[in-house]
$ cat query12.cif   # mmCIF, C-alpha atoms, pLDDT in the B column; chains and numbers go by the auth columns
data_coords
#
loop_
_atom_site.group_PDB
_atom_site.id
_atom_site.type_symbol
_atom_site.label_atom_id
_atom_site.label_comp_id
_atom_site.label_asym_id
_atom_site.label_seq_id
_atom_site.Cartn_x
_atom_site.Cartn_y
_atom_site.Cartn_z
_atom_site.B_iso_or_equiv
_atom_site.auth_seq_id
_atom_site.auth_asym_id
ATOM 1 C CA MET A 1 0.000 0.000 0.000 42.00 241 N
ATOM 2 C CA MET A 2 1.215 3.483 -0.850 42.00 242 N
ATOM 3 C CA LYS A 3 1.468 5.769 2.167 44.00 243 N
ATOM 4 C CA SER A 4 3.006 8.937 0.746 44.00 244 N
ATOM 5 C CA ARG A 5 2.095 11.228 -2.100 41.00 245 N
ATOM 6 C CA ILE A 6 5.601 11.057 -3.519 40.00 246 N
ATOM 7 C CA GLN A 7 5.390 7.282 -3.842 42.00 247 N
ATOM 8 C CA THR A 8 2.021 7.654 -5.516 39.00 248 N
ATOM 9 C CA TYR A 9 3.336 10.196 -8.041 41.00 249 N
ATOM 10 C CA LEU A 10 6.382 8.058 -8.774 40.00 250 N
ATOM 11 C CA LEU A 11 4.190 5.025 -9.336 38.00 251 N
ATOM 12 C CA LEU A 12 2.024 7.019 -11.747 41.00 252 N
ATOM 13 C CA LEU A 13 5.109 8.017 -13.711 42.00 253 N
ATOM 14 C CA VAL A 14 6.400 4.463 -13.856 41.00 254 N
ATOM 15 C CA LEU A 15 3.135 2.975 -15.066 43.00 255 N
ATOM 16 C CA PRO A 16 3.042 2.793 -18.855 42.00 256 N
ATOM 17 C CA LEU A 17 -0.533 4.062 -18.792 42.00 257 N
ATOM 18 C CA ALA A 18 -2.918 4.980 -16.057 45.00 258 N
ATOM 19 C CA PHE A 19 -5.869 2.647 -16.299 43.00 259 N
ATOM 20 C CA ASN A 20 -8.443 1.262 -13.926 42.00 260 N
ATOM 21 C CA SER A 21 -8.912 -2.485 -13.980 39.00 261 N
ATOM 22 C CA HIS A 22 -11.440 -2.716 -11.140 39.00 262 N
ATOM 23 C CA ALA A 23 -14.851 -1.181 -11.569 41.00 263 N
ATOM 24 C CA LYS A 24 -15.609 1.551 -9.053 45.00 264 N
ATOM 25 C CA GLU A 25 -12.198 1.309 -7.353 46.00 265 N
ATOM 26 C CA PRO A 26 -9.227 3.663 -7.649 45.00 266 N
ATOM 27 C CA LEU A 27 -6.047 2.527 -9.357 46.00 267 N
ATOM 28 C CA ILE A 28 -3.905 3.379 -6.355 48.00 268 N
ATOM 29 C CA SER A 29 -5.048 2.905 -2.787 47.00 269 N
ATOM 30 C CA ASP A 30 -4.138 5.267 0.026 58.00 270 N
ATOM 31 C CA GLY A 31 -5.263 2.750 2.626 63.00 271 N
ATOM 32 C CA LYS A 32 -8.685 4.332 2.965 63.00 272 N
ATOM 33 C CA ALA A 33 -11.980 3.036 1.647 61.00 273 N
ATOM 34 C CA PRO A 34 -12.228 3.273 -2.178 60.00 274 N
ATOM 35 C CA LYS A 35 -13.760 6.494 -3.390 66.00 275 N
ATOM 36 C CA PRO A 36 -16.678 6.063 -5.762 81.00 276 N
ATOM 37 C CA TYR A 37 -16.564 7.585 -9.210 82.00 277 N
ATOM 38 C CA LYS A 38 -18.964 8.175 -12.038 88.00 278 N
ATOM 39 C CA LEU A 39 -18.405 7.817 -15.770 90.00 279 N
ATOM 40 C CA SER A 40 -20.492 10.026 -18.001 91.00 280 N
ATOM 41 C CA GLU A 41 -20.650 11.093 -21.631 94.00 281 N
ATOM 42 C CA PHE A 42 -19.032 14.282 -22.840 93.00 282 N
ATOM 43 C CA ASN A 43 -21.074 17.449 -22.710 94.00 283 N
ATOM 44 C CA TRP A 44 -20.762 20.195 -25.339 95.00 284 N
ATOM 45 C CA GLN A 45 -17.999 21.941 -23.370 96.00 285 N
ATOM 46 C CA ASP A 46 -15.900 18.773 -23.329 95.00 286 N
ATOM 47 C CA LYS A 47 -16.413 18.334 -27.073 96.00 287 N
ATOM 48 C CA GLU A 48 -15.422 21.943 -27.731 97.00 288 N
ATOM 49 C CA LEU A 49 -12.333 21.569 -25.567 96.00 289 N
ATOM 50 C CA ILE A 50 -11.245 18.508 -27.553 97.00 290 N
ATOM 51 C CA LYS A 51 -11.703 20.431 -30.806 97.00 291 N
ATOM 52 C CA SER A 52 -9.871 23.559 -29.638 98.00 292 N
ATOM 53 C CA GLN A 53 -6.969 21.641 -28.087 98.00 293 N
ATOM 54 C CA THR A 54 -6.593 19.500 -31.202 98.00 294 N
ATOM 55 C CA GLU A 55 -6.520 22.698 -33.270 98.00 295 N
ATOM 56 C CA LYS A 56 -3.683 24.088 -31.116 98.00 296 N
ATOM 57 C CA ILE A 57 -1.517 21.078 -31.935 98.00 297 N
ATOM 58 C CA ASN A 58 -2.646 21.211 -35.567 98.00 298 N
ATOM 59 C CA GLU A 59 -1.470 24.834 -35.849 98.00 299 N
ATOM 60 C CA LEU A 60 1.813 24.078 -34.088 98.00 300 N
ATOM 61 C CA GLY A 61 2.452 21.120 -36.379 98.00 301 N
ATOM 62 C CA LYS A 62 1.612 23.037 -39.540 97.00 302 N
ATOM 63 C CA PHE A 63 3.665 26.131 -38.762 97.00 303 N
ATOM 64 C CA LYS A 64 6.678 24.614 -37.018 97.00 304 N
ATOM 65 C CA LEU A 65 6.971 21.232 -38.752 97.00 305 N
ATOM 66 C CA GLY A 66 4.907 21.502 -41.924 97.00 306 N
ATOM 67 C CA GLN A 67 2.673 18.642 -40.797 97.00 307 N
ATOM 68 C CA PRO A 68 -0.925 19.045 -39.639 98.00 308 N
ATOM 69 C CA VAL A 69 -2.855 16.749 -37.326 98.00 309 N
ATOM 70 C CA ARG A 70 -4.413 14.228 -39.706 97.00 310 N
ATOM 71 C CA GLY A 71 -6.307 11.904 -37.392 97.00 311 N
ATOM 72 C CA THR A 72 -4.184 8.999 -38.626 97.00 312 N
ATOM 73 C CA LEU A 73 -1.277 7.003 -37.242 97.00 313 N
ATOM 74 C CA ASP A 74 0.962 9.721 -38.728 97.00 314 N
ATOM 75 C CA ASP A 75 -0.022 11.809 -35.710 98.00 315 N
ATOM 76 C CA ILE A 76 2.155 9.601 -33.508 98.00 316 N
ATOM 77 C CA GLY A 77 5.207 10.770 -35.452 98.00 317 N
ATOM 78 C CA LEU A 78 4.011 14.379 -35.300 98.00 318 N
ATOM 79 C CA LEU A 79 3.667 14.222 -31.513 98.00 319 N
ATOM 80 C CA GLN A 80 7.086 12.594 -31.199 98.00 320 N
ATOM 81 C CA ARG A 81 8.702 15.314 -33.323 98.00 321 N
ATOM 82 C CA ILE A 82 7.052 18.017 -31.208 98.00 322 N
ATOM 83 C CA ILE A 83 8.439 16.354 -28.074 98.00 323 N
ATOM 84 C CA TYR A 84 11.961 15.778 -29.420 97.00 324 N
ATOM 85 C CA ARG A 85 12.243 19.314 -30.763 97.00 325 N
ATOM 86 C CA GLY A 86 11.020 20.787 -27.494 96.00 326 N
ATOM 87 C CA LEU A 87 8.357 22.870 -29.220 97.00 327 N
ATOM 88 C CA ILE A 88 6.281 22.947 -26.044 97.00 328 N
ATOM 89 C CA LYS A 89 7.839 23.990 -22.748 96.00 329 N
ATOM 90 C CA LYS A 90 7.558 21.465 -19.950 95.00 330 N
ATOM 91 C CA THR A 91 5.828 24.128 -17.865 96.00 331 N
ATOM 92 C CA ASP A 92 3.038 24.619 -20.459 97.00 332 N
ATOM 93 C CA THR A 93 0.628 22.038 -19.038 97.00 333 N
ATOM 94 C CA ILE A 94 -2.318 23.095 -21.219 97.00 334 N
ATOM 95 C CA GLN A 95 -0.362 22.654 -24.453 97.00 335 N
ATOM 96 C CA LEU A 96 1.186 19.384 -23.221 98.00 336 N
ATOM 97 C CA GLN A 97 -2.289 18.074 -22.428 97.00 337 N
ATOM 98 C CA ALA A 98 -3.397 19.141 -25.906 98.00 338 N
ATOM 99 C CA MET A 99 -0.885 16.617 -27.268 98.00 339 N
ATOM 100 C CA GLY A 100 -2.544 14.012 -25.034 98.00 340 N
ATOM 101 C CA ILE A 101 -5.898 14.910 -26.563 98.00 341 N
ATOM 102 C CA VAL A 102 -4.512 14.299 -30.054 98.00 342 N
ATOM 103 C CA LEU A 103 -3.223 10.930 -28.828 98.00 343 N
ATOM 104 C CA GLY A 104 -6.625 10.222 -27.251 98.00 344 N
ATOM 105 C CA ASN A 105 -8.417 11.029 -30.517 98.00 345 N
ATOM 106 C CA LEU A 106 -6.170 8.528 -32.246 98.00 346 N
ATOM 107 C CA MET A 107 -6.925 5.880 -29.585 97.00 347 N
ATOM 108 C CA VAL A 108 -10.648 6.528 -30.016 97.00 348 N
ATOM 109 C CA LYS A 109 -10.356 6.021 -33.768 97.00 349 N
ATOM 110 C CA GLU A 110 -7.925 3.107 -33.845 96.00 350 N
ATOM 111 C CA PHE A 111 -9.096 1.158 -30.771 96.00 351 N
ATOM 112 C CA LYS A 112 -12.829 1.977 -31.136 94.00 352 N
ATOM 113 C CA LEU A 113 -12.961 3.703 -27.741 96.00 353 N
ATOM 114 C CA GLU A 114 -15.206 6.520 -26.514 96.00 354 N
ATOM 115 C CA TRP A 115 -14.319 9.799 -24.840 97.00 355 N
ATOM 116 C CA MET A 116 -15.873 9.855 -21.356 96.00 356 N
ATOM 117 C CA VAL A 117 -15.649 11.968 -18.221 95.00 357 N
ATOM 118 C CA LEU A 118 -14.660 10.344 -14.942 92.00 358 N
ATOM 119 C CA GLU A 119 -15.805 12.295 -11.891 91.00 359 N
ATOM 120 C CA ASP A 120 -14.617 11.508 -8.391 87.00 360 N
ATOM 121 C CA SER A 121 -13.807 13.330 -5.173 84.00 361 N
ATOM 122 C CA LEU A 122 -10.692 14.803 -6.827 85.00 362 N
ATOM 123 C CA GLY A 123 -12.549 16.330 -9.777 88.00 363 N
ATOM 124 C CA ARG A 124 -13.182 15.592 -13.459 90.00 364 N
ATOM 125 C CA SER A 125 -10.849 13.697 -15.777 93.00 365 N
ATOM 126 C CA ARG A 126 -11.289 13.019 -19.460 95.00 366 N
ATOM 127 C CA ALA A 127 -10.656 9.430 -20.452 95.00 367 N
ATOM 128 C CA VAL A 128 -11.011 7.132 -23.433 96.00 368 N
ATOM 129 C CA CYS A 129 -12.983 4.050 -22.463 95.00 369 N
ATOM 130 C CA ALA A 130 -13.932 0.708 -23.934 94.00 370 N
ATOM 131 C CA PRO A 131 -17.614 0.760 -24.923 92.00 371 N
ATOM 132 C CA GLU A 132 -20.033 -0.559 -22.294 87.00 372 N
ATOM 133 C CA SER A 133 -17.179 -0.941 -19.835 87.00 373 N
ATOM 134 C CA GLN A 134 -15.481 0.747 -16.890 88.00 374 N
ATOM 135 C CA GLU A 135 -12.064 0.223 -18.502 92.00 375 N
ATOM 136 C CA CYS A 136 -10.403 3.492 -19.427 94.00 376 N
ATOM 137 C CA LEU A 137 -7.114 5.037 -20.489 96.00 377 N
ATOM 138 C CA PHE A 138 -6.141 8.607 -19.593 95.00 378 N
ATOM 139 C CA PRO A 139 -4.237 10.023 -22.572 96.00 379 N
ATOM 140 C CA VAL A 140 -4.749 13.704 -21.661 95.00 380 N
ATOM 141 C CA THR A 141 -2.088 13.512 -18.952 95.00 381 N
ATOM 142 C CA LEU A 142 -0.199 10.539 -20.364 95.00 382 N
ATOM 143 C CA LEU A 143 2.399 12.682 -22.117 96.00 383 N
ATOM 144 C CA SER A 144 2.232 15.823 -19.973 96.00 384 N
ATOM 145 C CA LYS A 145 3.030 14.146 -16.648 96.00 385 N
ATOM 146 C CA ARG A 146 6.139 12.556 -18.112 97.00 386 N
ATOM 147 C CA ILE A 147 7.385 15.659 -19.934 97.00 387 N
ATOM 148 C CA GLU A 148 6.838 17.883 -16.880 97.00 388 N
ATOM 149 C CA VAL A 149 9.362 15.795 -14.915 96.00 389 N
ATOM 150 C CA GLY A 150 11.897 15.699 -17.752 95.00 390 N
ATOM 151 C CA ILE A 151 11.066 12.367 -19.377 95.00 391 N
ATOM 152 C CA LEU A 152 10.856 12.313 -23.178 96.00 392 N
ATOM 153 C CA PRO A 153 8.164 9.703 -23.769 97.00 393 N
ATOM 154 C CA ASP A 154 8.116 7.281 -26.678 98.00 394 N
ATOM 155 C CA VAL A 155 4.655 8.037 -28.097 98.00 395 N
ATOM 156 C CA GLN A 156 4.475 4.880 -30.220 98.00 396 N
ATOM 157 C CA LYS A 157 5.373 2.706 -27.237 98.00 397 N
ATOM 158 C CA LEU A 158 2.724 4.352 -25.044 97.00 398 N
ATOM 159 C CA PHE A 159 0.145 3.983 -27.813 97.00 399 N
ATOM 160 C CA ASP A 160 0.983 0.287 -28.224 97.00 400 N
ATOM 161 C CA GLU A 161 0.970 -0.332 -24.466 97.00 401 N
ATOM 162 C CA GLY A 162 -2.397 1.411 -24.230 96.00 402 N
ATOM 163 C CA TYR A 163 -3.789 -1.040 -26.742 96.00 403 N
ATOM 164 C CA GLN A 164 -2.359 -3.984 -24.823 95.00 404 N
ATOM 165 C CA HIS A 165 -4.056 -2.741 -21.641 94.00 405 N
ATOM 166 C CA ILE A 166 -7.456 -2.152 -23.180 94.00 406 N
ATOM 167 C CA LYS A 167 -7.786 -4.824 -25.887 92.00 407 N
ATOM 168 C CA ALA A 168 -9.255 -7.499 -23.593 91.00 408 N
ATOM 169 C CA HIS A 169 -12.146 -5.128 -22.821 90.00 409 N
ATOM 170 C CA LEU A 170 -12.996 -4.223 -26.386 90.00 410 N
ATOM 171 C CA PRO A 171 -16.032 -5.767 -28.082 85.00 411 N
ATOM 172 C CA LYS A 172 -15.051 -8.877 -30.000 80.00 412 N
ATOM 173 C CA GLN A 173 -15.268 -8.618 -33.762 73.00 413 N
ATOM 174 C CA PRO A 174 -16.469 -11.604 -35.759 74.00 414 N
ATOM 175 C CA TYR A 175 -13.608 -13.721 -37.090 72.00 415 N
ATOM 176 C CA SER A 176 -11.043 -11.679 -35.162 62.00 416 N
ATOM 177 C CA ASP A 177 -9.443 -14.609 -33.329 57.00 417 N
#
$ encode --input "query12.cif" --output "structure tokens"
Amino acid sequence: MMKSRIQTYLLLLVLPLAFNSHAKEPLISDGKAPKPYKLSEFNWQDKELIKSQTEKINELGKFKLGQPVRGTLDDIGLLQRIIYRGLIKKTDTIQLQAMGIVLGNLMVKEFKLEWMVLEDSLGRSRAVCAPESQECLFPVTLLSKRIEVGILPDVQKLFDEGYQHIKAHLPKQPYSD
């Protein structure tokens, strides 16, 4: 059991992706009773935020690298180039989270996930979740938390690990086995 905040933060940084594998229970326990949470659909403000944050990265990519956000796997390379070139300061949390939103949009498209809002006693978090499930990934902070502490994340690796975490909870497609 984690007793200190520092241990909790370090564990979050070490985890390839933050995900919740137990319905209605937190990923990390502080020794107290689990805090309930609620998953809900995006409202119009959430949808607008996703659009505006995606546009920020689109503009950055177009003007600094000559590559827009395309909504394809090419976006992984775009995000990686933005990170390696240091185009966003590690103190610019909003812009760093905008990269996470682009990654989340790609996960939604490629993994057939849904954007959802998780609300708990700590506030609201945007997540991409397997349909009809409590299983979620949290791409908004996936890149930002690492970059803020000086880690240059491998976007492709995080994307692939996200799929490995969530694939068992995705609806089965006919003839997919």
$ residues_around --input "query12.cif" --residues "segment 292-302 of chain N" --least-positions-apart "4" --cutoff "10 Å" --atoms "only C-alpha atoms" --output "list in words"
Asp286, Lys287, Glu288, Gly306, Gln307, Pro308, Val309, Arg310, Gly311, Asp315, Leu318, Leu319, Arg321, Ile322, Leu327, Ile328, Ile334, Gln335, Leu336, Gln337, Ala338, Met339, Gly340, Ile341, Val342, Leu343 and Asn345 of chain N
$ closest_residue --input "query12.cif" --among "N:Leu392, N:Cys369, N:Gln413, N:Arg364" --to "Gly326 of chain N" --atoms "all atoms listed in the file"
N:Leu392
$ atom_distance --input "query12.cif" --atom1 "atom CA of Tyr403 of chain N" --atom2 "atom CA of Thr331 of chain N"
28.4 Å
$ atom_distance --input "query12.cif" --atom1 "atom CA of Lys385 of chain N" --atom2 "atom CA of Lys291 of chain N"
21.4 Å
$ atom_distance --input "query12.cif" --atom1 "atom CA of Lys407 of chain N" --atom2 "atom CA of Met347 of chain N"
11.4 Å
$ resolve_selection --input "query12.cif" --expression "the PyMOL selection byres ((chain N and resi 361) around 8)" --output "mmCIF file with C-alpha atoms, in the coordinates of the input"
data_model
loop_
_atom_site.group_PDB
_atom_site.id
_atom_site.type_symbol
_atom_site.label_atom_id
_atom_site.label_comp_id
_atom_site.auth_asym_id
_atom_site.auth_seq_id
_atom_site.Cartn_x
_atom_site.Cartn_y
_atom_site.Cartn_z
ATOM 1 C CA LYS N 275 -13.760 6.494 -3.390
ATOM 2 C CA PRO N 276 -16.678 6.063 -5.762
ATOM 3 C CA TYR N 277 -16.564 7.585 -9.210
ATOM 4 C CA GLU N 359 -15.805 12.295 -11.891
ATOM 5 C CA ASP N 360 -14.617 11.508 -8.391
ATOM 6 C CA LEU N 362 -10.692 14.803 -6.827
ATOM 7 C CA GLY N 363 -12.549 16.330 -9.777
#
$ closest_residue --input "query12.cif" --among "N:Ser280, N:Asp394, N:Phe399, N:Ser365" --to "Thr381 of chain N" --atoms "only C-alpha atoms"
N:Ser365
$ residues_near_point --input "query12.cif" --point "(-15.0, 11.1, -25.1)" --cutoff "9 Å" --atoms "all atoms listed in the file" --output "number ranges by chain"
N: 281-282, 286-287, 290, 344-345, 348, 353-357, 366-369
